[in-house]
>>> print(open('model25.cif').read())   # mmCIF, C-alpha atoms and all ligand atoms
data_coords
#
loop_
_atom_site.group_PDB
_atom_site.id
_atom_site.type_symbol
_atom_site.label_atom_id
_atom_site.label_comp_id
_atom_site.auth_asym_id
_atom_site.auth_seq_id
_atom_site.Cartn_x
_atom_site.Cartn_y
_atom_site.Cartn_z
ATOM 1 C CA MET A 1 115.785 108.363 113.386
ATOM 2 C CA ARG A 2 115.617 107.069 116.862
ATOM 3 C CA ILE A 3 114.133 103.937 118.069
ATOM 4 C CA ARG A 4 113.741 103.984 121.768
ATOM 5 C CA ALA A 5 114.057 100.478 122.970
ATOM 6 C CA MET A 6 114.576 97.007 121.748
ATOM 7 C CA LEU A 7 111.816 94.943 123.165
ATOM 8 C CA THR A 8 112.375 91.759 125.039
ATOM 9 C CA ALA A 9 110.538 88.660 123.956
ATOM 10 C CA ALA A 10 108.277 89.001 126.970
ATOM 11 C CA ALA A 11 107.404 92.566 126.090
ATOM 12 C CA VAL A 12 106.598 91.579 122.529
ATOM 13 C CA GLY A 13 104.262 88.959 123.906
ATOM 14 C CA SER A 14 102.447 91.517 125.971
ATOM 15 C CA VAL A 15 102.025 93.756 122.964
ATOM 16 C CA VAL A 16 100.343 90.959 121.120
ATOM 17 C CA LEU A 17 98.090 90.120 124.024
ATOM 18 C CA THR A 18 96.978 93.665 124.657
ATOM 19 C CA GLY A 19 96.775 94.643 121.009
ATOM 20 C CA ILE A 20 93.715 95.458 119.019
ATOM 21 C CA THR A 21 91.456 92.454 118.907
ATOM 22 C CA VAL A 22 90.303 92.874 115.317
ATOM 23 C CA ALA A 23 92.912 90.368 114.254
ATOM 24 C CA PRO A 24 92.207 89.894 110.524
ATOM 25 C CA SER A 25 93.429 93.360 109.618
ATOM 26 C CA VAL A 26 96.765 92.565 111.234
ATOM 27 C CA ALA A 27 97.611 89.262 109.652
ATOM 28 C CA ALA A 28 95.640 88.742 106.464
ATOM 29 C CA GLU A 29 97.304 89.670 103.216
ATOM 30 C CA GLU A 30 94.109 90.905 101.668
ATOM 31 C CA PRO A 31 91.613 91.122 104.506
ATOM 32 C CA GLY A 32 87.973 90.809 103.639
ATOM 33 C CA GLU A 33 85.464 93.289 104.795
ATOM 34 C CA VAL A 34 84.424 93.127 108.417
ATOM 35 C CA THR A 35 80.888 91.855 108.246
ATOM 36 C CA GLY A 36 79.651 92.539 111.751
ATOM 37 C CA VAL A 37 79.950 95.518 114.054
ATOM 38 C CA VAL A 38 78.967 95.381 117.694
ATOM 39 C CA THR A 39 78.037 98.574 119.516
ATOM 40 C CA GLY A 40 76.928 99.205 123.059
ATOM 41 C CA VAL A 41 78.119 100.683 126.344
ATOM 42 C CA LEU A 42 80.793 99.720 128.829
ATOM 43 C CA THR A 43 80.028 98.236 132.186
ATOM 44 C CA PRO A 44 81.285 100.334 135.113
ATOM 45 C CA GLU A 45 84.146 97.850 135.588
ATOM 46 C CA GLU A 46 85.139 98.047 131.943
ATOM 47 C CA GLU A 47 84.924 101.792 132.067
ATOM 48 C CA GLU A 48 87.181 102.032 135.069
ATOM 49 C CA LYS A 49 89.690 99.732 133.435
ATOM 50 C CA VAL A 50 89.937 101.586 130.146
ATOM 51 C CA HIS A 51 90.169 104.956 131.834
ATOM 52 C CA ALA A 52 93.049 103.673 133.905
ATOM 53 C CA GLU A 53 94.834 102.466 130.788
ATOM 54 C CA VAL A 54 94.795 105.721 128.857
ATOM 55 C CA ASP A 55 95.780 109.219 129.873
ATOM 56 C CA PRO A 56 95.174 111.888 127.244
ATOM 57 C CA THR A 57 97.458 114.349 129.013
ATOM 58 C CA VAL A 58 100.541 112.205 128.429
ATOM 59 C CA LYS A 59 101.550 113.234 124.923
ATOM 60 C CA VAL A 60 103.309 110.837 122.576
ATOM 61 C CA ASP A 61 106.645 111.814 121.056
ATOM 62 C CA MET A 62 106.413 112.060 117.276
ATOM 63 C CA TYR A 63 109.470 112.303 115.045
ATOM 64 C CA TYR A 64 109.880 113.282 111.416
ATOM 65 C CA GLU A 65 113.153 113.577 109.542
ATOM 66 C CA GLY A 66 115.084 113.139 112.764
ATOM 67 C CA LYS A 67 113.322 115.930 114.600
ATOM 68 C CA LYS A 68 110.521 116.034 117.085
ATOM 69 C CA ILE A 69 107.317 117.334 115.582
ATOM 70 C CA ASP A 70 105.966 120.462 117.203
ATOM 71 C CA PRO A 71 102.842 119.274 119.029
ATOM 72 C CA ALA A 72 101.089 122.511 118.125
ATOM 73 C CA SER A 73 101.664 121.984 114.404
ATOM 74 C CA ASP A 74 100.328 119.449 111.989
ATOM 75 C CA TRP A 75 102.708 116.652 111.077
ATOM 76 C CA ASN A 76 105.181 119.018 109.404
ATOM 77 C CA GLY A 77 104.118 117.627 106.045
ATOM 78 C CA ALA A 78 104.443 113.942 106.895
ATOM 79 C CA GLU A 79 101.778 111.632 105.524
ATOM 80 C CA VAL A 80 102.202 108.441 107.520
ATOM 81 C CA CYS A 81 103.034 108.010 111.192
ATOM 82 C CA ALA A 82 103.696 104.614 112.747
ATOM 83 C CA GLU A 83 104.207 103.515 116.331
ATOM 84 C CA VAL A 84 107.784 102.318 116.639
ATOM 85 C CA SER A 85 108.073 101.630 120.338
ATOM 86 C CA GLU A 86 105.982 100.162 123.095
ATOM 87 C CA ASP A 87 106.122 103.509 124.874
ATOM 88 C CA GLY A 88 103.971 104.925 122.089
ATOM 89 C CA THR A 89 106.644 106.835 120.193
ATOM 90 C CA MET A 90 105.675 107.587 116.610
ATOM 91 C CA GLN A 91 107.889 107.927 113.574
ATOM 92 C CA CYS A 92 106.469 109.867 110.623
ATOM 93 C CA PHE A 93 107.220 109.561 106.907
ATOM 94 C CA ASP A 94 106.568 111.187 103.556
ATOM 95 C CA ASP A 95 104.650 108.225 102.169
ATOM 96 C CA SER A 96 103.992 104.517 102.474
ATOM 97 C CA ALA A 97 107.142 103.514 100.613
ATOM 98 C CA ALA A 98 109.338 105.513 102.969
ATOM 99 C CA ALA A 99 107.457 104.179 105.964
ATOM 100 C CA ASN A 100 107.732 100.552 104.930
ATOM 101 C CA LYS A 101 111.407 100.891 104.082
ATOM 102 C CA HIS A 102 112.143 102.124 107.574
ATOM 103 C CA LEU A 103 109.739 99.807 109.364
ATOM 104 C CA ALA A 104 110.976 96.695 107.561
ATOM 105 C CA VAL A 105 114.145 97.092 109.642
ATOM 106 C CA ASN A 106 113.051 99.108 112.644
ATOM 107 C CA ALA A 107 109.508 98.126 113.552
ATOM 108 C CA PRO A 108 109.242 96.937 117.157
ATOM 109 C CA THR A 109 108.145 93.354 116.514
ATOM 110 C CA ALA A 110 109.221 90.663 114.080
ATOM 111 C CA GLU A 111 105.720 90.412 112.698
ATOM 112 C CA ALA A 112 105.536 94.152 112.091
ATOM 113 C CA ARG A 113 108.924 94.139 110.369
ATOM 114 C CA ALA A 114 107.906 91.236 108.151
ATOM 115 C CA GLY A 115 104.658 92.948 107.231
ATOM 116 C CA ALA A 116 106.401 96.185 106.316
ATOM 117 C CA LYS A 117 108.978 94.308 104.291
ATOM 118 C CA LYS A 118 106.298 92.431 102.428
ATOM 119 C CA ALA A 119 104.370 95.601 101.721
ATOM 120 C CA LEU A 120 107.531 97.248 100.500
ATOM 121 C CA ASN A 121 108.332 94.446 98.092
ATOM 122 C CA SER A 122 104.967 93.508 96.730
ATOM 123 C CA ARG A 123 102.750 96.497 97.152
ATOM 124 C CA LYS A 124 102.915 97.513 93.505
ATOM 125 C CA TYR A 125 101.066 94.563 92.040
ATOM 126 C CA GLN A 126 97.971 95.678 93.884
ATOM 127 C CA ASP A 127 97.830 98.652 91.540
ATOM 128 C CA CYS A 128 96.381 96.202 89.017
ATOM 129 C CA PRO A 129 92.655 96.028 89.751
ATOM 130 C CA SER A 130 90.674 92.859 90.205
ATOM 131 C CA GLY A 131 89.348 91.467 86.925
ATOM 132 C CA TRP A 132 92.276 92.831 84.906
ATOM 133 C CA VAL A 133 95.459 91.518 83.354
ATOM 134 C CA CYS A 134 98.449 93.812 83.764
ATOM 135 C CA LEU A 135 101.871 94.028 82.189
ATOM 136 C CA TRP A 136 104.613 96.261 83.568
ATOM 137 C CA GLN A 137 107.643 97.589 81.809
ATOM 138 C CA ASP A 138 109.915 96.856 84.752
ATOM 139 C CA SER A 139 110.301 94.032 87.211
ATOM 140 C CA ASN A 140 108.459 93.914 90.520
ATOM 141 C CA PHE A 141 105.374 95.527 89.013
ATOM 142 C CA THR A 142 106.951 98.903 88.434
ATOM 143 C CA GLY A 143 107.321 101.291 85.535
ATOM 144 C CA ARG A 144 104.785 101.839 82.787
ATOM 145 C CA ARG A 145 101.782 99.531 82.934
ATOM 146 C CA LEU A 146 99.277 98.317 80.389
ATOM 147 C CA GLN A 147 96.131 96.566 81.537
ATOM 148 C CA TRP A 148 93.309 94.725 79.843
ATOM 149 C CA PRO A 149 89.870 93.808 81.185
ATOM 150 C CA THR A 150 88.269 90.380 81.095
ATOM 151 C CA TYR A 151 85.786 89.956 78.244
ATOM 152 C CA ASP A 152 83.514 87.009 77.540
ATOM 153 C CA THR A 153 86.013 85.757 74.994
ATOM 154 C CA ALA A 154 89.767 86.110 74.788
ATOM 155 C CA LYS A 155 91.271 88.928 72.714
ATOM 156 C CA THR A 156 94.730 89.234 71.220
ATOM 157 C CA ARG A 157 96.680 92.497 71.032
ATOM 158 C CA HIS A 158 99.985 93.279 69.399
ATOM 159 C CA LEU A 159 102.076 95.378 71.759
ATOM 160 C CA ASP A 160 103.324 97.443 68.843
ATOM 161 C CA GLN A 161 99.808 98.858 68.673
ATOM 162 C CA TYR A 162 100.504 101.130 71.610
ATOM 163 C CA SER A 163 102.341 104.417 71.613
ATOM 164 C CA PRO A 164 105.042 104.268 72.608
ATOM 165 C CA SER A 165 105.302 100.667 71.547
ATOM 166 C CA PHE A 166 105.287 98.148 74.365
ATOM 167 C CA ARG A 167 106.929 95.499 72.191
ATOM 168 C CA ASP A 168 109.998 93.901 73.777
ATOM 169 C CA LYS A 169 109.407 95.776 77.014
ATOM 170 C CA ALA A 170 107.284 93.719 79.385
ATOM 171 C CA SER A 171 109.089 92.525 82.506
ATOM 172 C CA SER A 172 106.396 91.610 85.025
ATOM 173 C CA ALA A 173 102.744 90.606 84.999
ATOM 174 C CA TYR A 174 99.718 90.008 87.153
ATOM 175 C CA VAL A 175 96.684 87.972 86.109
ATOM 176 C CA ASN A 176 94.252 89.341 88.635
ATOM 177 C CA ARG A 177 91.290 87.081 88.051
ATOM 178 C CA PRO A 178 90.234 83.638 89.199
ATOM 179 C CA GLN A 179 90.035 81.934 85.812
ATOM 180 C CA ARG A 180 91.518 82.084 82.315
ATOM 181 C CA GLY A 181 95.221 82.374 81.960
ATOM 182 C CA VAL A 182 97.095 84.527 79.500
ATOM 183 C CA GLU A 183 99.222 83.594 76.511
ATOM 184 C CA MET A 184 102.123 85.690 75.282
ATOM 185 C CA TYR A 185 104.047 85.512 72.072
ATOM 186 C CA ASP A 186 107.412 86.472 70.738
ATOM 187 C CA PHE A 187 107.320 86.717 66.953
ATOM 188 C CA ARG A 188 110.487 85.488 65.285
ATOM 189 C CA THR A 189 111.360 85.418 61.628
ATOM 190 C CA GLY A 190 112.915 82.263 60.284
ATOM 191 C CA MET A 191 112.156 80.210 63.381
ATOM 192 C CA PRO A 192 109.050 79.077 65.249
ATOM 193 C CA ASP A 193 107.511 81.743 67.490
ATOM 194 C CA PRO A 194 107.976 81.063 71.193
ATOM 195 C CA HIS A 195 105.014 81.501 73.489
ATOM 196 C CA MET A 196 104.399 81.250 77.202
ATOM 197 C CA PHE A 197 101.356 80.811 79.360
ATOM 198 C CA LEU A 198 100.671 82.730 82.531
ATOM 199 C CA GLY A 199 98.362 80.892 84.869
ATOM 200 C CA ALA A 200 94.977 82.140 85.991
ATOM 201 C CA GLY A 201 94.103 82.430 89.645
ATOM 202 C CA TYR A 202 95.646 85.744 90.666
ATOM 203 C CA SER A 203 99.063 84.643 89.508
ATOM 204 C CA ARG A 204 101.931 87.083 89.653
ATOM 205 C CA TYR A 205 105.185 87.121 87.758
ATOM 206 C CA SER A 206 107.507 89.632 89.326
ATOM 207 C CA ASN A 207 110.391 89.255 86.908
ATOM 208 C CA PHE A 208 110.379 87.761 83.420
ATOM 209 C CA LYS A 209 114.120 87.268 83.798
ATOM 210 C CA ASN A 210 113.164 84.262 85.893
ATOM 211 C CA ILE A 211 111.262 82.649 83.007
ATOM 212 C CA ASP A 212 113.413 80.647 80.619
ATOM 213 C CA TYR A 213 113.187 81.461 76.924
ATOM 214 C CA VAL A 214 113.194 78.516 74.560
ATOM 215 C CA TYR A 215 116.185 79.740 72.525
ATOM 216 C CA GLY A 216 118.206 80.660 75.593
ATOM 217 C CA GLY A 217 118.108 83.570 77.998
ATOM 218 C CA SER A 218 114.875 84.756 79.533
ATOM 219 C CA TRP A 219 111.508 86.195 78.555
ATOM 220 C CA ASN A 220 112.457 89.629 79.784
ATOM 221 C CA ASP A 221 111.783 92.337 77.179
ATOM 222 C CA ARG A 222 110.660 89.842 74.541
ATOM 223 C CA VAL A 223 106.863 89.790 74.512
ATOM 224 C CA ASP A 224 105.321 91.034 71.251
ATOM 225 C CA ALA A 225 101.666 90.122 71.704
ATOM 226 C CA ILE A 226 99.266 89.063 74.427
ATOM 227 C CA LYS A 227 96.127 86.941 74.332
ATOM 228 C CA PHE A 228 94.025 87.691 77.358
HETATM 229 CA CA CA A 301 109.971 90.208 70.788
#
>>> encode(input="model25.cif", output="structure tokens")
Amino acid sequence: MRIRAMLTAAAVGSVVLTGITVAPSVAAEEPGEVTGVVTGVLTPEEEEKVHAEVDPTVKVDMYYEGKKIDPASDWNGAEVCAEVSEDGTMQCFDDSAAANKHLAVNAPTAEARAGAKKALNSRKYQDCPSGWVCLWQDSNFTGRRLQWPTYDTAKTRHLDQYSPSFRDKASSAYVNRPQRGVEMYDFRTGMPDPHMFLGAGYSRYSNFKNIDYVYGGSWNDRVDAIKF
């Protein structure tokens, strides 16, 4: 892995200024659709400027697994390539997870590093579609997942109903809808059943270990039923 140059603050500034002007896709967490598209032709001055800025004969160096990719080949099996230096150098990866892991540390700007880090840490919850409630077996929205749609009225399901049973397994959750929270239960014999409420409004719970359980400990691996 080679990163060519550490950029100075001034250079970073110039990257921002000369970057793509469709800003929402850079900064927004969940960018909305672009509603307007403008098409047309360049003025002669604009044309001269853009031609001066790009030279298709100057090839960009692309690296994958520590080696330069043969320009005559495809990407040697890589799936994602990202610019990692202001000189245009590209680093290629097997998948998004590998890319974000590398870029969280090595991307050329602080903003790009932060974005990669965020994507690396929270990407998984987006696997739960809008309008659904999801429970994962592991923390940080990983492992086996169960998901339930939003009906007109709330339903209750015992997690022992699934095969293999999901009872005492849930560790993270995402309520991916604007309204109606979720209630979860732990059935206990000989003592009142604890319950907890997950808020509506696209709320995420990355680790049930962070949620206190009324009899001590946490809610991790305790949920027996869900009302959604
Ligand atoms: Ca339980």
>>> residues_near_ligand(input="model25.cif", ligand="ligand CA 301 (chain A)", cutoff="8 Å", atoms="only C-alpha atoms and all ligand atoms", output="PyMOL selection string")
chain A and resi 167-168+185-188+221-224
>>> resolve_selection(input="model25.cif", expression="the PyMOL selection byres (((chain A and resi 175) around 8) and not hetatm)", output="MDAnalysis selection string")
chainID A and resid 132:134 173:174 176:177 181:182 198:204
>>> residues_near_point(input="model25.cif", point="(107.5, 82.2, 77.1)", cutoff="6 Å", atoms="only C-alpha atoms", output="mmCIF file with C-alpha atoms, keeping the file's coordinate frame")
data_model
loop_
_atom_site.group_PDB
_atom_site.id
_atom_site.type_symbol
_atom_site.label_atom_id
_atom_site.label_comp_id
_atom_site.auth_asym_id
_atom_site.auth_seq_id
_atom_site.Cartn_x
_atom_site.Cartn_y
_atom_site.Cartn_z
ATOM 1 C CA HIS A 195 105.014 81.501 73.489
ATOM 2 C CA MET A 196 104.399 81.250 77.202
ATOM 3 C CA TYR A 213 113.187 81.461 76.924
ATOM 4 C CA TRP A 219 111.508 86.195 78.555
#
>>> closest_residue(input="model25.cif", among="A:Leu42, A:Val214, A:Ala99, A:Cys92", to="A:Tyr64", atoms="only C-alpha atoms")
A:Cys92
>>> atom_distance(input="model25.cif", atom1="atom CA of A:Ser171", atom2="atom CA of A:Gln126")
16.2 Å
>>> residues_around(input="model25.cif", residues="A:Asp61", least_positions_apart="4", cutoff="8 Å", atoms="all atoms listed in the file", output="MDAnalysis selection string")
chainID A and resid 68:69 88:90
>>> closest_residue(input="model25.cif", among="A:Phe208, A:Tyr162, A:Trp148, A:Tyr215", to="A:Lys227", atoms="only C-alpha atoms")
A:Trp148
>>> atom_distance(input="model25.cif", atom1="atom CA of A:Ser96", atom2="atom CA of A:Leu120")
8.3 Å
>>> resolve_selection(input="model25.cif", expression="the PyMOL selection byres (((chain A and resi 156) around 10) and not hetatm)", output="NGL selection string")
:A and (154-155 or 157-159 or 182-184 or 225-228)
>>> write_last_selection(input="model25.cif", atoms="C-alpha atoms", output="short mmCIF file (atom, residue, chain, number, x, y, z; two decimals), in the frame of the given file")
data_model
loop_
_atom_site.label_atom_id
_atom_site.label_comp_id
_atom_site.auth_asym_id
_atom_site.auth_seq_id
_atom_site.Cartn_x
_atom_site.Cartn_y
_atom_site.Cartn_z
CA ALA A 154 89.77 86.11 74.79
CA LYS A 155 91.27 88.93 72.71
CA ARG A 157 96.68 92.50 71.03
CA HIS A 158 99.98 93.28 69.40
CA LEU A 159 102.08 95.38 71.76
CA VAL A 182 97.10 84.53 79.50
CA GLU A 183 99.22 83.59 76.51
CA MET A 184 102.12 85.69 75.28
CA ALA A 225 101.67 90.12 71.70
CA ILE A 226 99.27 89.06 74.43
CA LYS A 227 96.13 86.94 74.33
CA PHE A 228 94.02 87.69 77.36
#
>>> atom_distance(input="model25.cif", atom1="atom CA of A:Thr43", atom2="atom CA of A:Val58")
25.1 Å
>>> resolve_selection(input="model25.cif", expression="the PyMOL selection byres (((chain A and resi 95) around 8) and not hetatm)", output="PDB file with C-alpha atoms, in the coordinates of the input")
ATOM      1  CA  ALA A  78     104.443 113.942 106.895  1.00  0.00           C
ATOM      2  CA  GLU A  79     101.778 111.632 105.524  1.00  0.00           C
ATOM      3  CA  VAL A  80     102.202 108.441 107.520  1.00  0.00           C
ATOM      4  CA  PHE A  93     107.220 109.561 106.907  1.00  0.00           C
ATOM      5  CA  ASP A  94     106.568 111.187 103.556  1.00  0.00           C
ATOM      6  CA  SER A  96     103.992 104.517 102.474  1.00  0.00           C
ATOM      7  CA  ALA A  97     107.142 103.514 100.613  1.00  0.00           C
ATOM      8  CA  ALA A  98     109.338 105.513 102.969  1.00  0.00           C
ATOM      9  CA  ALA A  99     107.457 104.179 105.964  1.00  0.00           C
TER      10      ALA A  99
END
>>> residues_around(input="model25.cif", residues="A:Arg144", least_positions_apart="5", cutoff="10 Å", atoms="only C-alpha atoms", output="list in words")
Leu135, Trp136, Gln137, Asp138, Phe166, Lys169 and Ala170 of chain A
>>> closest_residue(input="model25.cif", among="A:Pro108, A:Glu86, A:Gln179, A:Gly77", to="A:Ser130", atoms="only C-alpha atoms")
A:Gln179
>>> axis_aligned_box(input="model25.cif", around="stretch 165-172 of chain A", padding_each_side="3 Å", output="AutoDock Vina command-line options")
--center_x 107.6 --center_y 96.1 --center_z 78.3 --size_x 10.7 --size_y 15.1 --size_z 19.5
>>> decode(input="model25.cif", residues="stretch 65-93 of chain A", atoms="N, CA and C atoms", output="CSV table (one decimal), in the first residue's frame")
chain,number,residue,atom,x,y,z
A,65,GLU,N,-3.5,-4.7,-4.0
A,65,GLU,CA,-2.7,-5.6,-3.2
A,65,GLU,C,-1.2,-5.3,-3.3
A,66,GLY,N,-0.9,-4.0,-3.2
A,66,GLY,CA,0.5,-3.6,-3.2
A,66,GLY,C,1.2,-3.6,-4.5
A,67,LYS,N,0.5,-3.9,-5.6
A,67,LYS,CA,1.1,-4.0,-6.9
A,67,LYS,C,0.4,-3.1,-7.9
A,68,LYS,N,1.1,-2.6,-8.8
A,68,LYS,CA,0.6,-1.7,-9.8
A,68,LYS,C,-0.3,-2.6,-10.8
A,69,ILE,N,-1.5,-2.1,-11.1
A,69,ILE,CA,-2.3,-2.9,-12.0
A,69,ILE,C,-1.9,-2.7,-13.4
A,70,ASP,N,-1.8,-3.7,-14.1
A,70,ASP,CA,-1.5,-3.7,-15.5
A,70,ASP,C,-2.5,-2.8,-16.3
A,71,PRO,N,-2.1,-1.7,-16.9
A,71,PRO,CA,-3.1,-0.9,-17.6
A,71,PRO,C,-3.8,-1.6,-18.7
A,72,ALA,N,-3.3,-2.6,-19.2
A,72,ALA,CA,-3.9,-3.3,-20.3
A,72,ALA,C,-5.0,-4.3,-19.8
A,73,SER,N,-4.9,-4.6,-18.5
A,73,SER,CA,-5.9,-5.6,-17.9
A,73,SER,C,-7.1,-4.9,-17.4
A,74,ASP,N,-8.0,-5.7,-16.8
A,74,ASP,CA,-9.1,-5.1,-16.0
A,74,ASP,C,-8.4,-4.7,-14.6
A,75,TRP,N,-9.2,-4.7,-13.6
A,75,TRP,CA,-8.7,-4.3,-12.3
A,75,TRP,C,-8.1,-5.4,-11.5
A,76,ASN,N,-7.7,-6.4,-12.2
A,76,ASN,CA,-7.1,-7.6,-11.5
A,76,ASN,C,-8.0,-8.2,-10.5
A,77,GLY,N,-9.3,-8.0,-10.7
A,77,GLY,CA,-10.3,-8.6,-9.8
A,77,GLY,C,-10.8,-7.7,-8.7
A,78,ALA,N,-10.2,-6.5,-8.6
A,78,ALA,CA,-10.7,-5.5,-7.6
A,78,ALA,C,-12.1,-5.0,-8.0
A,79,GLU,N,-12.8,-4.6,-6.9
A,79,GLU,CA,-14.2,-4.2,-7.2
A,79,GLU,C,-14.3,-2.6,-7.0
A,80,VAL,N,-13.5,-2.1,-6.1
A,80,VAL,CA,-13.6,-0.7,-5.8
A,80,VAL,C,-12.2,0.0,-5.9
A,81,CYS,N,-12.2,1.1,-6.6
A,81,CYS,CA,-10.9,1.9,-6.7
A,81,CYS,C,-11.2,3.3,-6.2
A,82,ALA,N,-10.3,3.8,-5.4
A,82,ALA,CA,-10.5,5.1,-4.8
A,82,ALA,C,-9.3,6.0,-5.0
A,83,GLU,N,-9.5,7.3,-5.3
A,83,GLU,CA,-8.4,8.2,-5.4
A,83,GLU,C,-7.8,8.5,-4.0
A,84,VAL,N,-6.5,8.2,-3.9
A,84,VAL,CA,-5.9,8.4,-2.6
A,84,VAL,C,-4.8,9.4,-2.5
A,85,SER,N,-4.7,10.2,-3.6
A,85,SER,CA,-3.7,11.2,-3.7
A,85,SER,C,-4.1,12.3,-4.7
A,86,GLU,N,-3.7,13.5,-4.4
A,86,GLU,CA,-4.0,14.6,-5.3
A,86,GLU,C,-3.5,14.4,-6.7
A,87,ASP,N,-2.4,13.6,-6.8
A,87,ASP,CA,-1.9,13.4,-8.1
A,87,ASP,C,-2.7,12.4,-8.9
A,88,GLY,N,-3.8,11.9,-8.4
A,88,GLY,CA,-4.7,11.1,-9.1
A,88,GLY,C,-4.5,9.6,-8.8
A,89,THR,N,-3.5,9.2,-8.1
A,89,THR,CA,-3.3,7.8,-7.8
A,89,THR,C,-4.5,7.1,-7.2
A,90,MET,N,-4.7,5.9,-7.7
A,90,MET,CA,-5.9,5.1,-7.2
A,90,MET,C,-5.4,3.9,-6.5
A,91,GLN,N,-6.1,3.6,-5.4
A,91,GLN,CA,-5.9,2.3,-4.7
A,91,GLN,C,-7.2,1.5,-4.9
A,92,CYS,N,-7.0,0.2,-5.2
A,92,CYS,CA,-8.2,-0.7,-5.5
A,92,CYS,C,-8.3,-1.7,-4.4
A,93,PHE,N,-9.5,-2.2,-4.2
A,93,PHE,CA,-9.9,-3.1,-3.1
A,93,PHE,C,-10.9,-4.2,-3.5
